[in-house]
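A.B. asks: The structure that follows is given in the form of structure tokens.
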Amino acid sequence: MNQYYLTEWRALTKATDVTLHLYTVPLKDPSSRNTQGGKLIFHLNKLNNFQPMVFFDQYIASFEEIKQWGDETFLQYEARPISPSRNVERTLLERLLKKQLERLAHPDYMMNRGKFRSKQAHPKSTSGLLIYPALDLNVNVSETAEIVFGFDLTHQFEYRENLLQQIKRDPKSVSAGMRVIDSTHPKSYEYEFVEVAPYRANEVSPIMKCSIIDYFAKKEPKRVIAPDALVVHVKGRNNQILPYLPEQLKQSCSFETIPARQLGAVNRIIKLSPDARMSKLMPEALELIGRLPMLQFERQDVRAARLGYSIQTLPSPRLRFGKGKTTSYAKTGLKQGGVFETGEATVSFFVDPKLRDHQKLRQVLEFINMLQTTSERFGVTLNVSNKPKGLSQKLSADLLQAEDVLYQLKSVPQHFEGVVVVIAEEASLQHSYQAIKRQFGGKHDVVTQCVELHDRVLNSEDTLYNILLGIYVKAGLQPWILGEPLHSDCFVGLDVSHENGKHAAGIIQIIGKDGAMIKQKALSTSEAGEKISSETMREIVYDTLHAFEEQYGHAPKHITFHRDGFGREDLTLIDSILSPREIQFDYVEILKNVNRRMAIHEEGWKTSQGLSYTKERMGYLLSTNPHVRVGMAKPLKVVQQTTTLPFEAILTDVYRLSFMHVHSLLKTRLPITTHYADLSSTFHNRGLLNANTEHEEALPFV
């Protein structure tokens, strides 16, 4: 018999059964309460033998009385259970339970960037990287006083060489601003590299008022340090400069910073099958969480049904292609019926000047011929523009690998029209991709489709299809639609992109019950934080109504807003605009990183596409089911903030819209709404998308 599991463990103990020692402390400057709280906790920790304690806002909490306060004071003290209706007290208990677990996990685990890394775990090694498995745990305390732990198995990355070795190997690779980590410390503190210090280990540091050697003579008397050892300066979170021995540090490493050439080897290590992941995750996480003495658990309370979830498997939707063909598979639909929206598309070809020799030019021409022939079969004629004719002879051979490629490309986009297909070698695209997108898209509002000239591209049918799909959606053509109607008339995807301190709202609108997109827009207004401002939201709602009415000649009866991440927006404002027009709406959060896994246990562990666990107006959904060598599917969390449509309808629409990524044959786990909104706002933040684009019926960011 199948057993349905969720990596979520509910305690039998209620939050109202756990006593906390709660202290209200004075705030000297309310605007810097986080900094003050951190400093106070650090001080109290040292005074009280590092007993677990946490702070939030104006409050400090511990499971034991904090007896030593030194020169610090508190305004009020209570020993009592939390009030579950108060968010601040729920947050204190959540933080304190994890902090207590950190203390109890020692010495078996070390904390690394908030994750539990077993000291017994042996790292896998590849291409100068060390890859460690780690447990990622979070605690949720609900308003009904339930205490729930969510957990997942993740991986952490370290470079094999330390900073001293890196400086000796390649001094230019170490520069100011680089993130470094003290991997020798149990908490793996992260810093910003400042400089190599102008003194050595046996000389007095003006910061420490003693030498590094004298410092360690007291701290680690047996440690031997060479008198002429290098010293470096790093900067902490509070901007305090600290001296360090570089052999204690390593350049910080995350999955996002790993070079593309190494990703294949890394993925082969971290992409675990459902059986491999769950077999390791479940016993280790349950053993670790079960160490908390103030909580009681039932071993069966990781099953979805025991946790109160309803279990259902949603059917895959039918997709409609040309010639009336319907199927659940994009490739089959294209082969049998071609695209849903047939017609013509203007294209221009921008060929890497390095590809001028006879053999490579022949490959390029064969590829272009394949594109045109296959596209005709799908029902779209590619009209090749002659506008760029002769331009290639005026460009330097190393244009796309030049240091000043951004400058050299400035006058190039004006020679092209339609969708520009950029054909280049791998090295050229790696070097110039951002520059191409910035000059063509960001500056000149010219859409581009980049193609790497490689045997695996020229000989892959799937790749050929994906390139054509990219051309179609950038030309404003709809490759397929849903064969079954959605529950809402109109869908709006919302996202706020965060990058380098910039915040920008992005929007993609899915119009109609068939899932077809008729307008996208990356808003040019920057947001102050994660919340979309009222002014921006008002513009989004009016934009949506106008686009729908232009397409259909009447207003929608119901709109569903899909928010990428947590929604903090003013729903009353939306209602004030839509209610007088007798338009209903729903507001739905789509959370993609939820620290949960869903799995079925039969003879081993497996996943199933369309599997959902739902409870009231929230649910977890598996929208993909990759091959075991690709890894284990990650669930989405869907939360309905309103109550207009039944939640089952909300979840079904999210699942169906995950089949509408019309730029690729690949099935993506996110619905088209939030995925395209995310891409749109990210492109906008990076200057790759023109703020006043005329391509509002196309997808220039895919």
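Here's how to read the names in the structure tokens: chain A, B, ... by the order shown, residue numbers from 1 in each chain, ligand numbers from 1 in the order shown.
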Would you list the contacts of region 71-73 of chain A as JSON, numbers by chain, taking every protein, DNA or RNA residue within 10 Å and counting only C-alpha atoms, but skipping same-chain residues closer than 6 positions in sequence?
C.D. replies: {"A": [23, 24, 25, 26, 40, 43, 44]}
A.B. asks: Using only N, CA, C and O atoms, please write the residues we just selected to a file, as a PDB file, in the first residue's frame.
C.D. replies:
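Produced file selection_13.pdb, reproduced below:
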```pdb
ATOM      1  N   TYR A  23      11.680  38.684  27.964  1.00  0.00           N
ATOM      2  CA  TYR A  23      12.181  39.955  28.489  1.00  0.00           C
ATOM      3  C   TYR A  23      11.898  41.066  27.482  1.00  0.00           C
ATOM      4  O   TYR A  23      12.172  40.920  26.286  1.00  0.00           O
ATOM      5  N   THR A  24      11.354  42.145  27.983  1.00  0.00           N
ATOM      6  CA  THR A  24      11.198  43.344  27.170  1.00  0.00           C
ATOM      7  C   THR A  24      12.369  44.266  27.488  1.00  0.00           C
ATOM      8  O   THR A  24      12.602  44.585  28.657  1.00  0.00           O
ATOM      9  N   VAL A  25      13.116  44.661  26.453  1.00  0.00           N
ATOM     10  CA  VAL A  25      14.323  45.458  26.669  1.00  0.00           C
ATOM     11  C   VAL A  25      14.152  46.852  26.067  1.00  0.00           C
ATOM     12  O   VAL A  25      13.381  47.035  25.122  1.00  0.00           O
ATOM     13  N   PRO A  26      14.842  47.837  26.593  1.00  0.00           N
ATOM     14  CA  PRO A  26      14.721  49.196  26.042  1.00  0.00           C
ATOM     15  C   PRO A  26      15.428  49.311  24.699  1.00  0.00           C
ATOM     16  O   PRO A  26      16.418  48.620  24.443  1.00  0.00           O
ATOM     17  N   LEU A  40      23.170  42.979  21.943  1.00  0.00           N
ATOM     18  CA  LEU A  40      22.745  42.624  23.294  1.00  0.00           C
ATOM     19  C   LEU A  40      22.803  41.109  23.505  1.00  0.00           C
ATOM     20  O   LEU A  40      23.286  40.631  24.534  1.00  0.00           O
ATOM     21  N   HIS A  43      26.363  39.927  23.907  1.00  0.00           N
ATOM     22  CA  HIS A  43      26.873  40.248  25.249  1.00  0.00           C
ATOM     23  C   HIS A  43      26.289  39.300  26.303  1.00  0.00           C
ATOM     24  O   HIS A  43      27.017  38.756  27.146  1.00  0.00           O
ATOM     25  N   LEU A  44      24.981  39.072  26.262  1.00  0.00           N
ATOM     26  CA  LEU A  44      24.332  38.207  27.249  1.00  0.00           C
ATOM     27  C   LEU A  44      24.768  36.753  27.100  1.00  0.00           C
ATOM     28  O   LEU A  44      24.859  36.021  28.095  1.00  0.00           O
TER      29      LEU A  44
END
```
A.B. asks: From a DSSP calculation on the backbone, collect every residue of region 500-635 of chain A in strand (DSSP E or B) and output the set as a count of residues only.
C.D. replies: 50
A.B. asks: Taking 4 positions as the minimum chain separation for residues in the same chain, which residues sit within 8 Å of Val662 (chain A) when counting only C-alpha atoms? Answer as a PyMOL selection string.
C.D. replies: chain A and resi 469+473+478-480
A.B. asks: Write the residues you've just listed into a file as a PDB file, in the first residue's frame, and include N, CA and C atoms for each of them.
C.D. replies:
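Written out: again-v6.pdb:
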```pdb
ATOM      1  N   LEU A 469      10.651  27.656 -31.239  1.00  0.00           N
ATOM      2  CA  LEU A 469       9.666  28.148 -30.267  1.00  0.00           C
ATOM      3  C   LEU A 469      10.087  29.509 -29.729  1.00  0.00           C
ATOM      4  N   VAL A 473       7.673  32.921 -30.072  1.00  0.00           N
ATOM      5  CA  VAL A 473       7.133  33.730 -28.972  1.00  0.00           C
ATOM      6  C   VAL A 473       7.715  35.142 -28.989  1.00  0.00           C
ATOM      7  N   GLN A 478       1.592  32.376 -30.917  1.00  0.00           N
ATOM      8  CA  GLN A 478       1.228  31.474 -29.825  1.00  0.00           C
ATOM      9  C   GLN A 478       1.368  30.027 -30.303  1.00  0.00           C
ATOM     10  N   PRO A 479       2.397  29.292 -29.835  1.00  0.00           N
ATOM     11  CA  PRO A 479       2.606  27.921 -30.311  1.00  0.00           C
ATOM     12  C   PRO A 479       1.497  26.948 -29.930  1.00  0.00           C
ATOM     13  N   TRP A 480       0.946  27.053 -28.736  1.00  0.00           N
ATOM     14  CA  TRP A 480      -0.176  26.199 -28.337  1.00  0.00           C
ATOM     15  C   TRP A 480      -0.989  26.896 -27.251  1.00  0.00           C
TER      16      TRP A 480
END
```
A.B. asks: Would you compute the distance between CA of Ile131 (chain A) and CA of Ala265 (chain A)? Give it in Å to one decimal.
C.D. replies: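 Atom-to-atom, CA of Ile131 (chain A) and CA of Ala265 (chain A) are spaced 11.1 Å apart.
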A.B. asks: Per DSSP on the backbone, filter region 181-362 of chain A down to the residues in alpha helix (DSSP H) and report them as a ChimeraX atom specification.
C.D. replies: /A:212-219,260-270,274-289,330-337,358-362
A.B. asks: Once you have the residues from the selection above, write them out as a CSV table (one decimal), in the first residue's frame, restricted to C-alpha atoms.
C.D. replies:
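Result file part_30.csv:
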```csv
chain,number,residue,atom,x,y,z
A,212,ILE,CA,48.7,37.6,15.6
A,213,ILE,CA,51.3,35.2,17.2
A,214,ASP,CA,50.7,36.7,20.7
A,215,TYR,CA,46.9,36.5,20.2
A,216,PHE,CA,47.1,32.8,19.4
A,217,ALA,CA,49.6,32.1,22.1
A,218,LYS,CA,46.8,32.7,24.6
A,219,LYS,CA,44.0,31.2,22.6
A,260,ALA,CA,29.3,26.8,-15.9
A,261,ARG,CA,32.0,24.4,-17.0
A,262,GLN,CA,31.9,22.7,-13.6
A,263,LEU,CA,28.1,22.4,-13.2
A,264,GLY,CA,27.9,19.1,-15.0
A,265,ALA,CA,30.2,17.4,-12.5
A,266,VAL,CA,28.6,19.1,-9.6
A,267,ASN,CA,25.0,18.2,-10.7
A,268,ARG,CA,26.0,14.5,-10.9
A,269,ILE,CA,26.8,14.6,-7.2
A,270,ILE,CA,23.9,16.8,-5.9
A,274,PRO,CA,13.9,10.3,-4.7
A,275,ASP,CA,15.0,7.1,-3.1
A,276,ALA,CA,18.6,8.3,-2.5
A,277,ARG,CA,17.5,11.6,-1.0
A,278,MET,CA,14.6,10.4,1.1
A,279,SER,CA,16.5,7.4,2.5
A,280,LYS,CA,19.1,9.7,3.9
A,281,LEU,CA,16.9,12.6,4.8
A,282,MET,CA,14.1,11.0,6.8
A,283,PRO,CA,16.0,9.1,9.5
A,284,GLU,CA,18.6,11.8,10.0
A,285,ALA,CA,16.2,14.7,10.2
A,286,LEU,CA,13.8,12.9,12.6
A,287,GLU,CA,16.7,11.8,14.8
A,288,LEU,CA,18.0,15.4,15.0
A,289,ILE,CA,14.6,17.1,15.6
A,330,ALA,CA,4.4,19.6,-26.7
A,331,LYS,CA,6.7,17.8,-29.1
A,332,THR,CA,3.9,15.4,-30.2
A,333,GLY,CA,1.6,18.3,-30.8
A,334,LEU,CA,4.1,20.2,-32.9
A,335,LYS,CA,4.8,17.1,-35.0
A,336,GLN,CA,1.2,16.2,-35.6
A,337,GLY,CA,-0.4,19.6,-35.9
A,358,HIS,CA,34.1,28.0,-45.6
A,359,GLN,CA,33.3,24.9,-43.4
A,360,LYS,CA,31.7,26.9,-40.6
A,361,LEU,CA,29.7,29.1,-43.0
A,362,ARG,CA,28.4,25.9,-44.6
```
A.B. asks: Nearest to Thr652 (chain A): which of A:Glu203, A:Glu78, A:Glu484, A:Asp678 is it, counting only C-alpha atoms?
C.D. replies: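 Result for the nearest residue to Thr652 (chain A): A:Glu484.
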A.B. asks: Need to verify the contact set: Phe350 (chain A), 8 Å, only C-alpha atoms, exclusion of same-chain residues closer than 2 positions in sequence. Can you return it as JSON, numbers by chain?
C.D. replies: {"A": [348, 352, 388, 420, 421, 422, 423]}
A.B. asks: Export, as a PDB file, in the first residue's frame, the selected residues with N, CA and C atoms.
C.D. replies:
```pdb
ATOM      1  N   SER A 348      16.174  38.084 -38.746  1.00  0.00           N
ATOM      2  CA  SER A 348      17.483  38.501 -39.250  1.00  0.00           C
ATOM      3  C   SER A 348      18.529  37.610 -38.600  1.00  0.00           C
ATOM      4  N   ASP A 352      28.337  35.283 -35.892  1.00  0.00           N
ATOM      5  CA  ASP A 352      29.629  35.586 -35.275  1.00  0.00           C
ATOM      6  C   ASP A 352      30.684  35.759 -36.370  1.00  0.00           C
ATOM      7  N   PRO A 388      20.611  43.278 -42.849  1.00  0.00           N
ATOM      8  CA  PRO A 388      21.999  43.238 -42.351  1.00  0.00           C
ATOM      9  C   PRO A 388      23.024  42.813 -43.395  1.00  0.00           C
ATOM     10  N   VAL A 420      16.101  38.747 -34.148  1.00  0.00           N
ATOM     11  CA  VAL A 420      17.498  38.577 -34.558  1.00  0.00           C
ATOM     12  C   VAL A 420      18.026  37.259 -33.984  1.00  0.00           C
ATOM     13  N   VAL A 421      18.380  36.334 -34.868  1.00  0.00           N
ATOM     14  CA  VAL A 421      18.948  35.051 -34.453  1.00  0.00           C
ATOM     15  C   VAL A 421      20.467  35.199 -34.459  1.00  0.00           C
ATOM     16  N   VAL A 422      21.067  35.208 -33.269  1.00  0.00           N
ATOM     17  CA  VAL A 422      22.514  35.363 -33.134  1.00  0.00           C
ATOM     18  C   VAL A 422      23.140  33.974 -33.126  1.00  0.00           C
ATOM     19  N   ILE A 423      23.989  33.688 -34.125  1.00  0.00           N
ATOM     20  CA  ILE A 423      24.645  32.381 -34.235  1.00  0.00           C
ATOM     21  C   ILE A 423      26.125  32.585 -33.952  1.00  0.00           C
TER      22      ILE A 423
END
```
